[in-house]
$ cat start07.cif   # mmCIF, C-alpha atoms
data_input
loop_
_atom_site.label_atom_id
_atom_site.label_comp_id
_atom_site.auth_asym_id
_atom_site.auth_seq_id
_atom_site.Cartn_x
_atom_site.Cartn_y
_atom_site.Cartn_z
CA MET A 1 79.15 103.03 102.81
CA MET A 2 81.90 100.82 104.16
CA LYS A 3 83.14 98.08 101.85
CA GLN A 4 83.51 94.58 103.27
CA PRO A 5 86.97 93.34 102.22
CA GLY A 6 86.06 89.69 102.76
CA THR A 7 82.98 89.99 100.57
CA ALA A 8 84.99 91.70 97.84
CA ALA A 9 87.65 88.97 97.96
CA VAL A 10 85.16 86.08 97.84
CA LEU A 11 83.20 87.65 94.98
CA SER A 12 86.37 88.24 93.03
CA PHE A 13 87.66 84.74 93.68
CA LEU A 14 84.41 83.23 92.42
CA CYS A 15 84.37 85.44 89.35
CA PRO A 16 87.41 87.67 88.81
CA GLY A 17 86.25 91.25 88.47
CA LEU A 18 83.09 90.84 90.53
CA GLY A 19 84.82 92.03 93.72
CA GLN A 20 86.13 95.08 91.88
CA LEU A 21 82.61 95.79 90.67
CA TYR A 22 81.38 95.49 94.29
CA ASN A 23 84.04 98.06 95.22
CA GLY A 24 82.80 100.42 92.50
CA CYS A 25 85.83 100.06 90.21
CA PHE A 26 84.25 99.51 86.81
CA TRP A 27 87.45 99.69 84.73
CA ARG A 28 89.36 97.33 87.03
CA ALA A 29 86.43 94.92 86.89
CA LEU A 30 86.39 95.07 83.12
CA PHE A 31 90.13 94.34 83.05
CA TRP A 32 89.70 91.18 85.15
CA PHE A 33 86.58 90.12 83.22
CA LEU A 34 88.58 90.25 79.98
CA VAL A 35 92.04 89.09 81.03
CA THR A 36 91.16 86.07 83.17
CA PRO A 37 89.30 84.02 80.53
CA GLY A 38 92.10 84.68 78.05
CA LEU A 39 94.70 83.41 80.48
CA TRP A 40 92.59 80.38 81.38
CA ILE A 41 92.34 79.41 77.74
CA GLY A 42 95.84 80.48 76.72
CA SER A 43 97.65 78.66 79.53
CA GLY A 44 95.46 75.62 79.91
CA GLY A 45 94.28 76.80 83.31
CA THR A 46 97.55 77.50 85.09
CA LEU A 47 97.49 81.28 84.81
CA GLY A 48 93.74 81.35 85.30
CA TRP A 49 94.12 80.29 88.93
CA ILE A 50 96.78 82.91 89.44
CA CYS A 51 94.35 85.53 88.09
CA HIS A 52 91.65 84.34 90.49
CA PHE A 53 93.98 84.79 93.46
CA LEU A 54 95.34 88.15 92.27
CA SER A 55 91.87 89.45 91.55
CA ALA A 56 90.68 88.45 95.03
CA LEU A 57 93.78 89.95 96.64
CA THR A 58 93.44 93.28 94.84
CA ALA A 59 89.70 93.49 95.60
CA TYR A 60 90.42 92.86 99.29
CA ALA A 61 93.25 95.41 99.37
CA TYR A 62 91.17 98.08 97.63
CA ALA A 63 88.28 97.64 100.09
CA GLU A 64 90.71 97.84 103.03
CA GLU A 65 92.28 101.02 101.66
CA PHE A 66 88.86 102.53 100.94
CA ASN A 67 87.77 101.89 104.53
CA ARG A 68 91.05 103.21 105.97
CA ARG A 69 90.74 106.47 104.05
CA ARG A 70 87.11 106.84 105.05
CA ARG A 71 87.95 106.37 108.74
CA GLN A 72 90.78 108.88 108.41
CA ARG A 73 88.48 111.49 106.84
CA ARG A 74 85.96 110.94 109.64
CA LEU A 75 88.67 111.43 112.28
CA ASN A 76 89.88 114.61 110.56
CA ARG A 77 86.36 116.05 110.61
CA ASP A 78 85.95 115.43 114.35
#
$ encode --input "start07.cif" --output "structure tokens"
Amino acid sequence: MMKQPGTAAVLSFLCPGLGQLYNGCFWRALFWFLVTPGLWIGSGGTLGWICHFLSALTAYAYAEEFNRRRRQRRLNRD
């Protein structure tokens, strides 16, 4: 199944880790679920926003890479 990078990014921006979960990366999701609230609280919000953006960016990039590799495997089979 192809992953939708935009969906992964939006999910992860709304709730860091959710996009990683959508991509099937449980441990990465757990990392974002645990780290982001700590940085929100510890920095008074400043680093929390950075985590939201980084989480969305990594979820998007992972979905893109997943799709690229899948297309490449399909081309190699044909």
$ atom_distance --input "start07.cif" --atom1 "atom CA of A:Leu21" --atom2 "atom CA of A:Ala59"
8.9 Å
$ closest_residue --input "start07.cif" --among "A:Arg71, A:Asn23, A:Met1, A:Thr36" --to "A:Leu54" --atoms "all atoms listed in the file"
A:Thr36
$ residues_around --input "start07.cif" --residues "A:Thr7" --least-positions-apart "6" --cutoff "10 Å" --atoms "only C-alpha atoms" --output "number ranges by chain"
A: 13, 19, 22-23, 56, 59-60, 63
$ write_last_selection --input "start07.cif" --atoms "C-alpha atoms" --output "PDB file, in the frame of the given file"
ATOM      1  CA  PHE A  13      87.660  84.740  93.680  1.00  0.00           C
ATOM      2  CA  GLY A  19      84.820  92.030  93.720  1.00  0.00           C
ATOM      3  CA  TYR A  22      81.380  95.490  94.290  1.00  0.00           C
ATOM      4  CA  ASN A  23      84.040  98.060  95.220  1.00  0.00           C
ATOM      5  CA  ALA A  56      90.680  88.450  95.030  1.00  0.00           C
ATOM      6  CA  ALA A  59      89.700  93.490  95.600  1.00  0.00           C
ATOM      7  CA  TYR A  60      90.420  92.860  99.290  1.00  0.00           C
ATOM      8  CA  ALA A  63      88.280  97.640 100.090  1.00  0.00           C
TER       9      ALA A  63
END
$ atom_distance --input "start07.cif" --atom1 "atom CA of A:Phe26" --atom2 "atom CA of A:Glu64"
17.5 Å
$ resolve_selection --input "start07.cif" --expression "the PyMOL selection byres ((chain A and resi 16) around 12)" --output "number ranges by chain"
A: 8-15, 17-22, 28-37, 39-40, 48-59
$ write_last_selection --input "start07.cif" --atoms "C-alpha atoms" --output "PDB file, keeping the file's coordinate frame"
ATOM      1  CA  ALA A   8      84.990  91.700  97.840  1.00  0.00           C
ATOM      2  CA  ALA A   9      87.650  88.970  97.960  1.00  0.00           C
ATOM      3  CA  VAL A  10      85.160  86.080  97.840  1.00  0.00           C
ATOM      4  CA  LEU A  11      83.200  87.650  94.980  1.00  0.00           C
ATOM      5  CA  SER A  12      86.370  88.240  93.030  1.00  0.00           C
ATOM      6  CA  PHE A  13      87.660  84.740  93.680  1.00  0.00           C
ATOM      7  CA  LEU A  14      84.410  83.230  92.420  1.00  0.00           C
ATOM      8  CA  CYS A  15      84.370  85.440  89.350  1.00  0.00           C
ATOM      9  CA  GLY A  17      86.250  91.250  88.470  1.00  0.00           C
ATOM     10  CA  LEU A  18      83.090  90.840  90.530  1.00  0.00           C
ATOM     11  CA  GLY A  19      84.820  92.030  93.720  1.00  0.00           C
ATOM     12  CA  GLN A  20      86.130  95.080  91.880  1.00  0.00           C
ATOM     13  CA  LEU A  21      82.610  95.790  90.670  1.00  0.00           C
ATOM     14  CA  TYR A  22      81.380  95.490  94.290  1.00  0.00           C
ATOM     15  CA  ARG A  28      89.360  97.330  87.030  1.00  0.00           C
ATOM     16  CA  ALA A  29      86.430  94.920  86.890  1.00  0.00           C
ATOM     17  CA  LEU A  30      86.390  95.070  83.120  1.00  0.00           C
ATOM     18  CA  PHE A  31      90.130  94.340  83.050  1.00  0.00           C
ATOM     19  CA  TRP A  32      89.700  91.180  85.150  1.00  0.00           C
ATOM     20  CA  PHE A  33      86.580  90.120  83.220  1.00  0.00           C
ATOM     21  CA  LEU A  34      88.580  90.250  79.980  1.00  0.00           C
ATOM     22  CA  VAL A  35      92.040  89.090  81.030  1.00  0.00           C
ATOM     23  CA  THR A  36      91.160  86.070  83.170  1.00  0.00           C
ATOM     24  CA  PRO A  37      89.300  84.020  80.530  1.00  0.00           C
ATOM     25  CA  LEU A  39      94.700  83.410  80.480  1.00  0.00           C
ATOM     26  CA  TRP A  40      92.590  80.380  81.380  1.00  0.00           C
ATOM     27  CA  GLY A  48      93.740  81.350  85.300  1.00  0.00           C
ATOM     28  CA  TRP A  49      94.120  80.290  88.930  1.00  0.00           C
ATOM     29  CA  ILE A  50      96.780  82.910  89.440  1.00  0.00           C
ATOM     30  CA  CYS A  51      94.350  85.530  88.090  1.00  0.00           C
ATOM     31  CA  HIS A  52      91.650  84.340  90.490  1.00  0.00           C
ATOM     32  CA  PHE A  53      93.980  84.790  93.460  1.00  0.00           C
ATOM     33  CA  LEU A  54      95.340  88.150  92.270  1.00  0.00           C
ATOM     34  CA  SER A  55      91.870  89.450  91.550  1.00  0.00           C
ATOM     35  CA  ALA A  56      90.680  88.450  95.030  1.00  0.00           C
ATOM     36  CA  LEU A  57      93.780  89.950  96.640  1.00  0.00           C
ATOM     37  CA  THR A  58      93.440  93.280  94.840  1.00  0.00           C
ATOM     38  CA  ALA A  59      89.700  93.490  95.600  1.00  0.00           C
TER      39      ALA A  59
END
$ closest_residue --input "start07.cif" --among "A:Leu75, A:Arg68, A:Gly45, A:Ala61" --to "A:Pro5" --atoms "only C-alpha atoms"
A:Ala61
$ atom_distance --input "start07.cif" --atom1 "atom CA of A:Ser43" --atom2 "atom CA of A:Tyr62"
27.3 Å
$ closest_residue --input "start07.cif" --among "A:Gln72, A:Gly24, A:Gly38, A:Arg77" --to "A:Lys3" --atoms "all atoms listed in the file"
A:Gly24
